[in-house]
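> Sharing query-v4.cif below, mmCIF, C-alpha atoms and all ligand atoms:
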data_input
loop_
_atom_site.label_atom_id
_atom_site.label_comp_id
_atom_site.auth_asym_id
_atom_site.auth_seq_id
_atom_site.Cartn_x
_atom_site.Cartn_y
_atom_site.Cartn_z
CA MET A 27 -20.44 -5.55 -21.61
CA GLU A 28 -17.30 -3.62 -22.34
CA LYS A 29 -14.54 -4.19 -19.83
CA SER A 30 -12.90 -1.15 -18.31
CA ILE A 31 -10.91 0.26 -15.45
CA VAL A 32 -11.66 3.89 -14.69
CA LEU A 33 -9.65 6.11 -12.37
CA LYS A 34 -11.29 9.34 -11.31
CA ASP A 35 -9.17 12.09 -9.82
CA CYS A 36 -6.94 9.68 -7.93
CA VAL A 37 -4.39 10.77 -5.35
CA ARG A 38 -1.81 8.59 -3.61
CA GLU A 39 0.50 10.23 -1.09
CA PHE A 40 3.27 8.82 1.00
CA ASN A 41 3.92 10.58 4.26
CA LEU A 42 7.52 10.26 5.24
CA LYS A 43 9.09 11.74 8.35
CA ASN A 44 10.04 15.07 6.86
CA GLU A 45 8.16 15.22 3.63
CA LYS A 46 5.02 14.30 1.81
CA ILE A 47 5.46 12.60 -1.55
CA ILE A 48 2.57 12.88 -3.97
CA ALA A 49 3.15 9.74 -6.04
CA ILE A 50 -0.16 10.05 -7.93
CA ASP A 51 -1.42 13.59 -8.30
CA HIS A 52 -5.08 13.78 -9.35
CA ALA A 53 -4.84 11.18 -12.12
CA SER A 54 -7.82 10.23 -14.27
CA LEU A 55 -7.66 7.44 -16.81
CA LYS A 56 -9.85 4.97 -18.66
CA ILE A 57 -8.54 1.55 -19.71
CA GLN A 58 -10.66 -0.42 -22.21
CA SER A 59 -10.69 -3.84 -23.84
CA GLY A 60 -8.70 -4.41 -26.99
CA LYS A 61 -6.23 -1.60 -26.49
CA MET A 62 -2.60 -1.31 -25.50
CA TYR A 63 -1.76 1.59 -23.21
CA VAL A 64 1.82 2.64 -22.69
CA ILE A 65 2.82 4.73 -19.70
CA MET A 66 6.20 6.40 -19.94
CA GLY A 67 8.07 8.57 -17.46
CA HIS A 68 11.29 8.97 -15.55
CA SER A 69 12.21 6.89 -12.54
CA GLY A 70 10.27 8.07 -9.50
CA SER A 71 7.49 9.69 -11.53
CA GLY A 72 4.82 7.35 -10.10
CA LYS A 73 4.45 4.66 -12.78
CA SER A 74 4.70 1.65 -10.48
CA THR A 75 2.36 3.25 -7.99
CA LEU A 76 -0.16 3.77 -10.79
CA ILE A 77 0.09 0.10 -11.81
CA GLN A 78 -0.45 -0.94 -8.18
CA ILE A 79 -3.49 1.33 -7.95
CA LEU A 80 -4.95 0.00 -11.22
CA GLY A 81 -4.39 -3.56 -9.99
CA LEU A 82 -5.94 -2.95 -6.56
CA LEU A 83 -2.66 -3.73 -4.83
CA ASP A 84 -2.58 -0.29 -3.23
CA ASN A 85 -5.15 2.11 -1.85
CA LEU A 86 -5.93 5.71 -2.66
CA ASN A 87 -5.90 8.75 -0.43
CA SER A 88 -8.70 10.18 -2.52
CA GLY A 89 -10.46 9.54 -5.80
CA GLU A 90 -12.40 6.60 -7.17
CA ILE A 91 -11.71 3.40 -9.11
CA TYR A 92 -14.30 1.52 -11.13
CA ILE A 93 -13.74 -1.92 -12.65
CA ASN A 94 -16.34 -2.92 -15.21
CA GLU A 95 -18.47 -0.09 -13.87
CA GLN A 96 -18.42 -1.40 -10.30
CA LYS A 97 -16.99 1.03 -7.79
CA VAL A 98 -14.12 -0.86 -6.22
CA SER A 99 -12.36 1.86 -4.26
CA ASP A 100 -14.78 1.26 -1.38
CA CYS A 101 -14.63 -2.56 -1.47
CA SER A 102 -13.20 -4.60 1.40
CA GLU A 103 -9.74 -6.15 1.02
CA ASP A 104 -11.36 -9.58 0.51
CA GLU A 105 -13.63 -8.29 -2.24
CA LYS A 106 -10.66 -6.60 -3.91
CA ALA A 107 -8.63 -9.80 -3.77
CA GLU A 108 -11.47 -11.66 -5.49
CA ILE A 109 -11.78 -9.01 -8.22
CA ARG A 110 -7.99 -8.99 -8.65
CA MET A 111 -7.89 -12.77 -9.06
CA LYS A 112 -10.59 -12.76 -11.74
CA GLU A 113 -9.81 -9.57 -13.61
CA ILE A 114 -6.10 -8.75 -13.41
CA GLY A 115 -2.90 -10.36 -14.58
CA PHE A 116 0.41 -8.83 -13.50
CA VAL A 117 3.78 -8.95 -15.25
CA PHE A 118 6.85 -7.55 -13.50
CA GLN A 119 10.37 -6.59 -14.50
CA SER A 120 11.98 -9.40 -12.52
CA PHE A 121 9.47 -12.08 -13.58
CA TYR A 122 8.86 -13.34 -10.00
CA LEU A 123 8.65 -16.98 -11.03
CA ASN A 124 8.87 -19.49 -8.22
CA PRO A 125 12.39 -20.99 -8.62
CA LYS A 126 11.30 -24.29 -7.06
CA LEU A 127 8.53 -24.86 -9.60
CA THR A 128 8.75 -25.86 -13.26
CA ALA A 129 7.37 -23.67 -16.04
CA ILE A 130 4.03 -25.46 -16.11
CA GLU A 131 3.74 -25.49 -12.32
CA ASN A 132 4.37 -21.76 -12.25
CA VAL A 133 1.59 -21.19 -14.77
CA MET A 134 -0.80 -23.43 -12.84
CA LEU A 135 -0.16 -21.68 -9.52
CA PRO A 136 -2.78 -18.89 -9.78
CA MET A 137 -5.44 -21.46 -10.74
CA TYR A 138 -5.40 -23.07 -7.29
CA ILE A 139 -7.29 -20.14 -5.78
CA ASN A 140 -9.84 -20.00 -8.61
CA LYS A 141 -12.98 -22.02 -7.92
CA ASN A 142 -14.01 -21.68 -11.57
CA ILE A 143 -11.11 -23.78 -12.81
CA LEU A 144 -11.49 -27.45 -11.96
CA LYS A 145 -8.54 -29.41 -10.65
CA ASN A 146 -8.34 -31.60 -13.75
CA GLU A 147 -8.38 -28.58 -16.06
CA ARG A 148 -5.33 -26.83 -14.62
CA GLN A 149 -2.65 -28.77 -16.39
CA ASP A 150 -4.27 -28.65 -19.86
CA LYS A 151 -4.92 -24.97 -19.50
CA ALA A 152 -1.32 -24.23 -18.46
CA LEU A 153 -0.05 -26.32 -21.34
CA MET A 154 -2.27 -24.48 -23.79
CA LEU A 155 -0.92 -21.14 -22.52
CA LEU A 156 2.70 -22.25 -22.72
CA LYS A 157 2.14 -23.50 -26.28
CA LYS A 158 0.58 -20.21 -27.22
CA PHE A 159 3.88 -18.53 -26.37
CA GLY A 160 6.07 -21.11 -28.10
CA LEU A 161 7.24 -22.74 -24.87
CA GLU A 162 5.99 -26.28 -25.40
CA ASN A 163 9.56 -27.56 -25.20
CA ARG A 164 10.18 -25.84 -21.88
CA ILE A 165 7.25 -27.01 -19.77
CA ASN A 166 9.28 -29.07 -17.32
CA HIS A 167 12.21 -26.67 -17.07
CA TYR A 168 12.94 -24.67 -13.95
CA PRO A 169 13.31 -20.88 -14.22
CA LYS A 170 17.11 -21.00 -13.77
CA GLU A 171 17.35 -23.24 -16.86
CA LEU A 172 15.59 -20.66 -19.02
CA SER A 173 16.60 -17.41 -20.69
CA GLY A 174 15.21 -14.09 -19.46
CA GLY A 175 12.93 -13.88 -22.49
CA GLU A 176 11.57 -17.37 -21.85
CA GLN A 177 11.04 -16.59 -18.18
CA GLN A 178 9.10 -13.47 -19.02
CA ARG A 179 6.90 -15.34 -21.50
CA ILE A 180 6.17 -17.89 -18.78
CA ALA A 181 5.27 -15.01 -16.47
CA ILE A 182 2.91 -13.69 -19.17
CA ALA A 183 1.35 -17.15 -19.52
CA ARG A 184 0.92 -17.20 -15.74
CA ALA A 185 -0.69 -13.75 -15.84
CA LEU A 186 -3.32 -15.25 -18.17
CA ALA A 187 -4.00 -18.30 -15.99
CA ASN A 188 -7.35 -17.05 -14.70
CA ASP A 189 -8.48 -15.37 -17.96
CA PRO A 190 -8.16 -11.79 -16.77
CA ASN A 191 -9.57 -8.94 -18.83
CA PHE A 192 -6.67 -6.68 -17.84
CA ILE A 193 -2.92 -7.22 -18.11
CA LEU A 194 -0.73 -4.81 -16.15
CA ALA A 195 2.97 -4.94 -16.96
CA ASP A 196 5.51 -2.89 -15.00
CA GLU A 197 8.72 -2.50 -17.04
CA PRO A 198 8.37 -6.05 -18.38
CA THR A 199 11.48 -5.76 -20.56
CA GLY A 200 13.73 -4.04 -18.03
CA ASN A 201 15.88 -7.17 -17.67
CA LEU A 202 15.80 -8.29 -21.31
CA ASP A 203 17.99 -7.76 -24.38
CA VAL A 204 16.65 -5.98 -27.45
CA VAL A 205 15.58 -9.16 -29.25
CA ASN A 206 13.57 -10.46 -26.31
CA GLU A 207 12.22 -7.00 -25.66
CA GLU A 208 10.59 -6.97 -29.10
CA ILE A 209 9.23 -10.50 -28.55
CA VAL A 210 7.63 -9.46 -25.26
CA TYR A 211 6.18 -6.25 -26.75
CA LYS A 212 4.71 -8.22 -29.65
CA THR A 213 3.28 -10.81 -27.26
CA LEU A 214 1.61 -8.08 -25.21
CA LYS A 215 0.30 -6.45 -28.39
CA GLU A 216 -1.23 -9.75 -29.50
CA LEU A 217 -3.04 -9.93 -26.17
CA SER A 218 -4.58 -6.52 -26.73
CA ASN A 219 -5.49 -7.49 -30.30
CA SER A 220 -7.23 -10.56 -28.89
CA GLY A 221 -9.42 -8.34 -26.70
CA LYS A 222 -7.53 -7.82 -23.45
CA ALA A 223 -6.81 -4.38 -22.09
CA VAL A 224 -3.03 -4.15 -21.72
CA VAL A 225 -1.16 -1.49 -19.75
CA VAL A 226 2.61 -1.39 -20.09
CA VAL A 227 4.94 0.82 -18.12
CA SER A 228 8.22 1.49 -19.83
CA HIS A 229 10.83 4.13 -20.29
CA ASN A 230 11.82 2.72 -23.65
CA GLU A 231 10.61 4.81 -26.58
CA SER A 232 10.67 1.79 -28.89
CA ILE A 233 7.47 0.43 -27.35
CA LYS A 234 5.48 3.43 -28.57
CA LYS A 235 4.94 1.93 -32.02
CA TYR A 236 2.78 -0.78 -30.43
CA ALA A 237 0.68 1.59 -28.36
CA ASP A 238 -2.88 2.64 -29.02
CA LYS A 239 -2.48 5.36 -26.43
CA VAL A 240 0.64 6.79 -24.83
CA PHE A 241 0.68 8.55 -21.47
CA TYR A 242 3.47 10.36 -19.71
CA MET A 243 3.89 10.57 -15.97
CA GLU A 244 5.76 13.43 -14.41
CA SER A 245 5.85 13.97 -10.66
CA GLY A 246 2.65 11.97 -10.27
CA LYS A 247 0.78 13.85 -12.97
CA LEU A 248 -0.51 11.84 -15.89
CA ARG A 249 -1.00 13.35 -19.32
CA GLU A 250 -1.92 11.76 -22.61
CA GLU A 251 0.32 12.22 -25.61
CA LEU A 252 -1.93 13.35 -28.42
N1 LIG B 301 5.82 2.59 -0.23
C1 LIG B 301 6.35 3.80 -0.45
N2 LIG B 301 6.68 4.59 0.59
C2 LIG B 301 7.17 5.82 0.38
N3 LIG B 301 7.38 6.37 -0.82
C3 LIG B 301 7.08 5.63 -1.89
C4 LIG B 301 6.55 4.31 -1.77
N4 LIG B 301 6.34 3.82 -3.02
C5 LIG B 301 6.72 4.79 -3.87
N5 LIG B 301 7.16 5.88 -3.20
C6 LIG B 301 7.63 7.13 -3.80
O1 LIG B 301 6.66 7.56 -4.74
C7 LIG B 301 7.29 8.09 -5.91
C8 LIG B 301 6.85 7.28 -7.13
O2 LIG B 301 7.42 5.97 -7.05
P1 LIG B 301 7.16 4.86 -8.16
O3 LIG B 301 5.71 4.77 -8.39
O4 LIG B 301 7.87 3.65 -7.73
O5 LIG B 301 7.86 5.52 -9.44
P2 LIG B 301 8.37 4.86 -10.80
O6 LIG B 301 7.79 3.49 -10.90
O7 LIG B 301 7.90 5.80 -11.87
O8 LIG B 301 9.86 4.82 -10.72
C9 LIG B 301 8.78 8.04 -5.65
O9 LIG B 301 9.18 9.29 -5.15
C10 LIG B 301 8.91 6.96 -4.59
O10 LIG B 301 10.05 7.16 -3.81
MG MG B 302 8.73 1.65 -11.17
#
Now, as a test, write the supplied structure out as structure tokens.


Amino acid sequence: MEKSIVLKDCVREFNLKNEKIIAIDHASLKIQSGKMYVIMGHSGSGKSTLIQILGLLDNLNSGEIYINEQKVSDCSEDEKAEIRMKEIGFVFQSFYLNPKLTAIENVMLPMYINKNILKNERQDKALMLLKKFGLENRINHYPKELSGGEQQRIAIARALANDPNFILADEPTGNLDVVNEEIVYKTLKELSNSGKAVVVVSHNESIKKYADKVFYMESGKLREEL
């Protein structure tokens, strides 16, 4: 079965004391396996909110979300957490590695809540992922001993720990130099080439050459660049 996330006419509002912010304004979108989607837009346009909605970290005011054709917008928080664990890998601008854990321990962390990965498989699997990203010489290093680019590749390895079908990256190169930025974009592109659906939020035009589809967000409205 083809893997997909579908948003139908989604709205997310924030009600502040004196104003109502429409962070996502009737957005519809389909994310499919094997493609890299880039979402561009100015600061405050709703990109992070969209990533949170796609990753079931936030709820809608109205609209529907389907993951692999299952309607998930009505699921309980527990059901959503289970779907999130199996289906979604997140990558963030500031990496969010645990500073007290080594590279390999960071990558193993999401496996502890996954019943499908046996205890004795965790380490081999984490090692395989770190090797895949050229980090075999960094497995026992702590985040503070690593460059930003290395930290982000570890975070990408961690995002893959539970074999998700979807990778959601929110400004993954925001803290990186140009060289590492290209490395991270290429890494994400390889993941989409290998069959994952990859969504990358960025306000850097240079990512567009890797995209299969480019979207722009403006005041919560999403439009595809054709
Ligand atoms: N938890 C929140 N409470 C109130 N307003 C929020 C919240 N999260 C985001 N917003 C507002 O929603 C809009 C979109 O934010 P965001 O999705 O973070 O934009 P971007 O990632 O494109 O910079 C902004 O106006 C922001 O201030
Ligand atoms: Mg943001």

> Please, what distance in Å, to one decimal, runs between CA of Asp100 in chain A and CA of Ser71 in chain A?

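Going from CA of Asp100 in chain A over to CA of Ser71 in chain A, I get 25.9 Å.
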
> So, counting all atoms listed in the file, which residue among A:Val204, A:Ile130, A:Leu252, A:Leu144 is closest to Ser232 in chain A?

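The answer is A:Val204, which sits nearest to Ser232 in chain A.
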
> Between A:Thr128, A:Leu194, A:Leu135, A:Lys29, which one has atoms that come closest to Leu82 in chain A, using all atoms listed in the file?

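Checking each candidate against Leu82 in chain A, we get A:Leu194 as the closest.
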
> Can you list every residue of chain A that has an atom at most 9 Å from ligand MG 302 (chain B), with its nearest atom pair and the distance in Å to one decimal, using all atoms listed in the file, ordered by chain then number, as JSON lines?


{"residue": "A:His68", "atom": "CA", "partner": "B:MG302", "partner_atom": "MG", "distance": 8.9}
{"residue": "A:Ser69", "atom": "CA", "partner": "B:MG302", "partner_atom": "MG", "distance": 6.4}
{"residue": "A:Gly70", "atom": "CA", "partner": "B:MG302", "partner_atom": "MG", "distance": 6.8}
{"residue": "A:Ser71", "atom": "CA", "partner": "B:MG302", "partner_atom": "MG", "distance": 8.1}
{"residue": "A:Gly72", "atom": "CA", "partner": "B:MG302", "partner_atom": "MG", "distance": 7.0}
{"residue": "A:Lys73", "atom": "CA", "partner": "B:MG302", "partner_atom": "MG", "distance": 5.5}
{"residue": "A:Ser74", "atom": "CA", "partner": "B:MG302", "partner_atom": "MG", "distance": 4.1}
{"residue": "A:Thr75", "atom": "CA", "partner": "B:MG302", "partner_atom": "MG", "distance": 7.3}
{"residue": "A:Ile77", "atom": "CA", "partner": "B:MG302", "partner_atom": "MG", "distance": 8.8}
{"residue": "A:Asp196", "atom": "CA", "partner": "B:MG302", "partner_atom": "MG", "distance": 6.8}
{"residue": "A:Glu197", "atom": "CA", "partner": "B:MG302", "partner_atom": "MG", "distance": 7.2}
{"residue": "A:Val227", "atom": "CA", "partner": "B:MG302", "partner_atom": "MG", "distance": 8.0}
{"residue": "A:Ser228", "atom": "CA", "partner": "B:MG302", "partner_atom": "MG", "distance": 8.7}

> Please, could you write that set of residues out with C-alpha atoms as a PDB file, in the coordinates of the input?


ATOM      1  CA  HIS A  68      11.290   8.970 -15.550  1.00  0.00           C
ATOM      2  CA  SER A  69      12.210   6.890 -12.540  1.00  0.00           C
ATOM      3  CA  GLY A  70      10.270   8.070  -9.500  1.00  0.00           C
ATOM      4  CA  SER A  71       7.490   9.690 -11.530  1.00  0.00           C
ATOM      5  CA  GLY A  72       4.820   7.350 -10.100  1.00  0.00           C
ATOM      6  CA  LYS A  73       4.450   4.660 -12.780  1.00  0.00           C
ATOM      7  CA  SER A  74       4.700   1.650 -10.480  1.00  0.00           C
ATOM      8  CA  THR A  75       2.360   3.250  -7.990  1.00  0.00           C
ATOM      9  CA  ILE A  77       0.090   0.100 -11.810  1.00  0.00           C
ATOM     10  CA  ASP A 196       5.510  -2.890 -15.000  1.00  0.00           C
ATOM     11  CA  GLU A 197       8.720  -2.500 -17.040  1.00  0.00           C
ATOM     12  CA  VAL A 227       4.940   0.820 -18.120  1.00  0.00           C
ATOM     13  CA  SER A 228       8.220   1.490 -19.830  1.00  0.00           C
TER      14      SER A 228
END

> For ligand LIG 301 (chain B), which residue out of A:Lys235, A:Arg249, A:His229, A:Lys112 is the nearest one, using all atoms listed in the file?

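Among A:Lys235, A:Arg249, A:His229, A:Lys112, it is A:His229 that comes nearest to ligand LIG 301 (chain B).
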
> Pick out the residues sitting within 8 Å of range 50-62 of chain A, and hand them over as a PyMOL selection string; count all atoms listed in the file, and ignore anything fewer than 5 positions along from it in its own chain.

chain A and resi 28-39+72+75-76+89+191-192+214-215+217-226+236-239+245-248

> Counting only C-alpha atoms, which of A:Lys234, A:Arg184, A:Lys97, A:His167 gets nearest to Arg148 in chain A?

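Using only C-alpha atoms, the shortest distance to Arg148 in chain A belongs to A:Arg184.
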
> List as a ChimeraX atom specification the protein and nucleic acid residues near Val133 in chain A, meaning an atom at most 10 Å away when all atoms listed in the file are counted, but skip any in the same chain fewer than 4 places from it.

/A:123-124,127-129,137,148-149,151-153,155-156,165,180-188

> Given the choices A:Ile93, A:Met243, A:Val210, A:Lys141, which gets closest to ligand LIG 301 (chain B) if the distance is worked out from all atoms listed in the file?

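Closest to ligand LIG 301 (chain B), using all atoms listed in the file: A:Met243.
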
> Quick one, how far is CA of Asn230 in chain A from CA of Phe159 in chain A?

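According to the coordinates, CA of Asn230 in chain A and CA of Phe159 in chain A are separated by 22.8 Å.
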
> CA of Gln177 in chain A to CA of Ser120 in chain A: how many Å, to one decimal?

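Going from CA of Gln177 in chain A over to CA of Ser120 in chain A covers 9.2 Å.
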
> Listed atoms of ligand LIG 301 (chain B), axis-aligned box, 3 Å per side: centre and edge lengths to one decimal in Å, as lines of an AutoDock Vina configuration file?


center_x = 7.9
center_y = 5.9
center_z = -5.6
size_x = 10.3
size_y = 12.7
size_z = 18.5

> Compare A:Met154, A:Ala195, A:Cys101, A:Ile209 by their minimum atom-to-atom distance to ligand LIG 301 (chain B), counting only C-alpha atoms and all ligand atoms, and give me the closest one.

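Of the candidates, the smallest distance to ligand LIG 301 (chain B) is held by A:Ala195.
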
> Can you tell me which residues surround Gly174 in chain A at a distance of at most 10 Å, considering only C-alpha atoms, apart from same-chain residues fewer than 4 positions away, and format the answer as a compact mmCIF listing (two decimals) with C-alpha atoms, in the coordinates of the input?


# COMPACT_ATOMS: atom_id res chain seq x y z
CA SER A 120 11.98 -9.40 -12.52
CA PHE A 121 9.47 -12.08 -13.58
CA PRO A 169 13.31 -20.88 -14.22
CA LYS A 170 17.11 -21.00 -13.77
CA GLN A 178 9.10 -13.47 -19.02
CA ARG A 179 6.90 -15.34 -21.50
CA ILE A 180 6.17 -17.89 -18.78
CA THR A 199 11.48 -5.76 -20.56
CA ASN A 201 15.88 -7.17 -17.67
CA LEU A 202 15.80 -8.29 -21.31
CA ASP A 203 17.99 -7.76 -24.38
CA ASN A 206 13.57 -10.46 -26.31
CA GLU A 207 12.22 -7.00 -25.66

> Any chance you could model N, CA, C and O atoms for range 137-152 of chain A and send them as a PDB file, in the frame of the given file?


ATOM      1  N   MET A 137      -4.157 -20.765 -10.541  1.00  0.00           N
ATOM      2  CA  MET A 137      -5.440 -21.460 -10.740  1.00  0.00           C
ATOM      3  C   MET A 137      -5.936 -22.120  -9.462  1.00  0.00           C
ATOM      4  O   MET A 137      -7.117 -22.412  -9.339  1.00  0.00           O
ATOM      5  N   TYR A 138      -5.016 -22.361  -8.522  1.00  0.00           N
ATOM      6  CA  TYR A 138      -5.400 -23.070  -7.290  1.00  0.00           C
ATOM      7  C   TYR A 138      -6.389 -22.283  -6.452  1.00  0.00           C
ATOM      8  O   TYR A 138      -7.145 -22.850  -5.679  1.00  0.00           O
ATOM      9  N   ILE A 139      -6.361 -20.942  -6.588  1.00  0.00           N
ATOM     10  CA  ILE A 139      -7.290 -20.140  -5.780  1.00  0.00           C
ATOM     11  C   ILE A 139      -8.557 -19.787  -6.555  1.00  0.00           C
ATOM     12  O   ILE A 139      -9.384 -19.034  -6.087  1.00  0.00           O
ATOM     13  N   ASN A 140      -8.690 -20.337  -7.768  1.00  0.00           N
ATOM     14  CA  ASN A 140      -9.840 -20.000  -8.610  1.00  0.00           C
ATOM     15  C   ASN A 140     -10.835 -21.164  -8.646  1.00  0.00           C
ATOM     16  O   ASN A 140     -10.579 -22.199  -9.255  1.00  0.00           O
ATOM     17  N   LYS A 141     -11.979 -20.945  -7.996  1.00  0.00           N
ATOM     18  CA  LYS A 141     -12.980 -22.020  -7.920  1.00  0.00           C
ATOM     19  C   LYS A 141     -13.551 -22.379  -9.284  1.00  0.00           C
ATOM     20  O   LYS A 141     -14.115 -23.446  -9.469  1.00  0.00           O
ATOM     21  N   ASN A 142     -13.426 -21.443 -10.237  1.00  0.00           N
ATOM     22  CA  ASN A 142     -14.010 -21.680 -11.570  1.00  0.00           C
ATOM     23  C   ASN A 142     -13.169 -22.601 -12.436  1.00  0.00           C
ATOM     24  O   ASN A 142     -13.614 -23.023 -13.496  1.00  0.00           O
ATOM     25  N   ILE A 143     -11.939 -22.864 -12.028  1.00  0.00           N
ATOM     26  CA  ILE A 143     -11.110 -23.780 -12.810  1.00  0.00           C
ATOM     27  C   ILE A 143     -10.988 -25.094 -12.037  1.00  0.00           C
ATOM     28  O   ILE A 143     -10.475 -25.129 -10.917  1.00  0.00           O
ATOM     29  N   LEU A 144     -11.499 -26.157 -12.637  1.00  0.00           N
ATOM     30  CA  LEU A 144     -11.490 -27.450 -11.960  1.00  0.00           C
ATOM     31  C   LEU A 144     -10.063 -27.988 -11.901  1.00  0.00           C
ATOM     32  O   LEU A 144      -9.222 -27.692 -12.752  1.00  0.00           O
ATOM     33  N   LYS A 145      -9.854 -28.830 -10.890  1.00  0.00           N
ATOM     34  CA  LYS A 145      -8.540 -29.410 -10.650  1.00  0.00           C
ATOM     35  C   LYS A 145      -7.975 -30.077 -11.916  1.00  0.00           C
ATOM     36  O   LYS A 145      -6.819 -29.880 -12.282  1.00  0.00           O
ATOM     37  N   ASN A 146      -8.828 -30.859 -12.592  1.00  0.00           N
ATOM     38  CA  ASN A 146      -8.340 -31.600 -13.750  1.00  0.00           C
ATOM     39  C   ASN A 146      -8.185 -30.754 -15.018  1.00  0.00           C
ATOM     40  O   ASN A 146      -7.761 -31.241 -16.047  1.00  0.00           O
ATOM     41  N   GLU A 147      -8.549 -29.481 -14.913  1.00  0.00           N
ATOM     42  CA  GLU A 147      -8.380 -28.580 -16.060  1.00  0.00           C
ATOM     43  C   GLU A 147      -7.068 -27.806 -16.015  1.00  0.00           C
ATOM     44  O   GLU A 147      -6.619 -27.266 -17.025  1.00  0.00           O
ATOM     45  N   ARG A 148      -6.482 -27.734 -14.817  1.00  0.00           N
ATOM     46  CA  ARG A 148      -5.330 -26.830 -14.620  1.00  0.00           C
ATOM     47  C   ARG A 148      -4.184 -27.133 -15.568  1.00  0.00           C
ATOM     48  O   ARG A 148      -3.647 -26.245 -16.230  1.00  0.00           O
ATOM     49  N   GLN A 149      -3.836 -28.409 -15.622  1.00  0.00           N
ATOM     50  CA  GLN A 149      -2.650 -28.770 -16.390  1.00  0.00           C
ATOM     51  C   GLN A 149      -2.841 -28.499 -17.892  1.00  0.00           C
ATOM     52  O   GLN A 149      -1.951 -27.926 -18.533  1.00  0.00           O
ATOM     53  N   ASP A 150      -4.004 -28.871 -18.427  1.00  0.00           N
ATOM     54  CA  ASP A 150      -4.270 -28.650 -19.860  1.00  0.00           C
ATOM     55  C   ASP A 150      -4.261 -27.166 -20.181  1.00  0.00           C
ATOM     56  O   ASP A 150      -3.768 -26.731 -21.222  1.00  0.00           O
ATOM     57  N   LYS A 151      -4.829 -26.409 -19.275  1.00  0.00           N
ATOM     58  CA  LYS A 151      -4.920 -24.970 -19.500  1.00  0.00           C
ATOM     59  C   LYS A 151      -3.514 -24.345 -19.497  1.00  0.00           C
ATOM     60  O   LYS A 151      -3.179 -23.523 -20.361  1.00  0.00           O
ATOM     61  N   ALA A 152      -2.690 -24.756 -18.534  1.00  0.00           N
ATOM     62  CA  ALA A 152      -1.320 -24.230 -18.460  1.00  0.00           C
ATOM     63  C   ALA A 152      -0.531 -24.623 -19.702  1.00  0.00           C
ATOM     64  O   ALA A 152       0.218 -23.813 -20.269  1.00  0.00           O
TER      65      ALA A 152
END
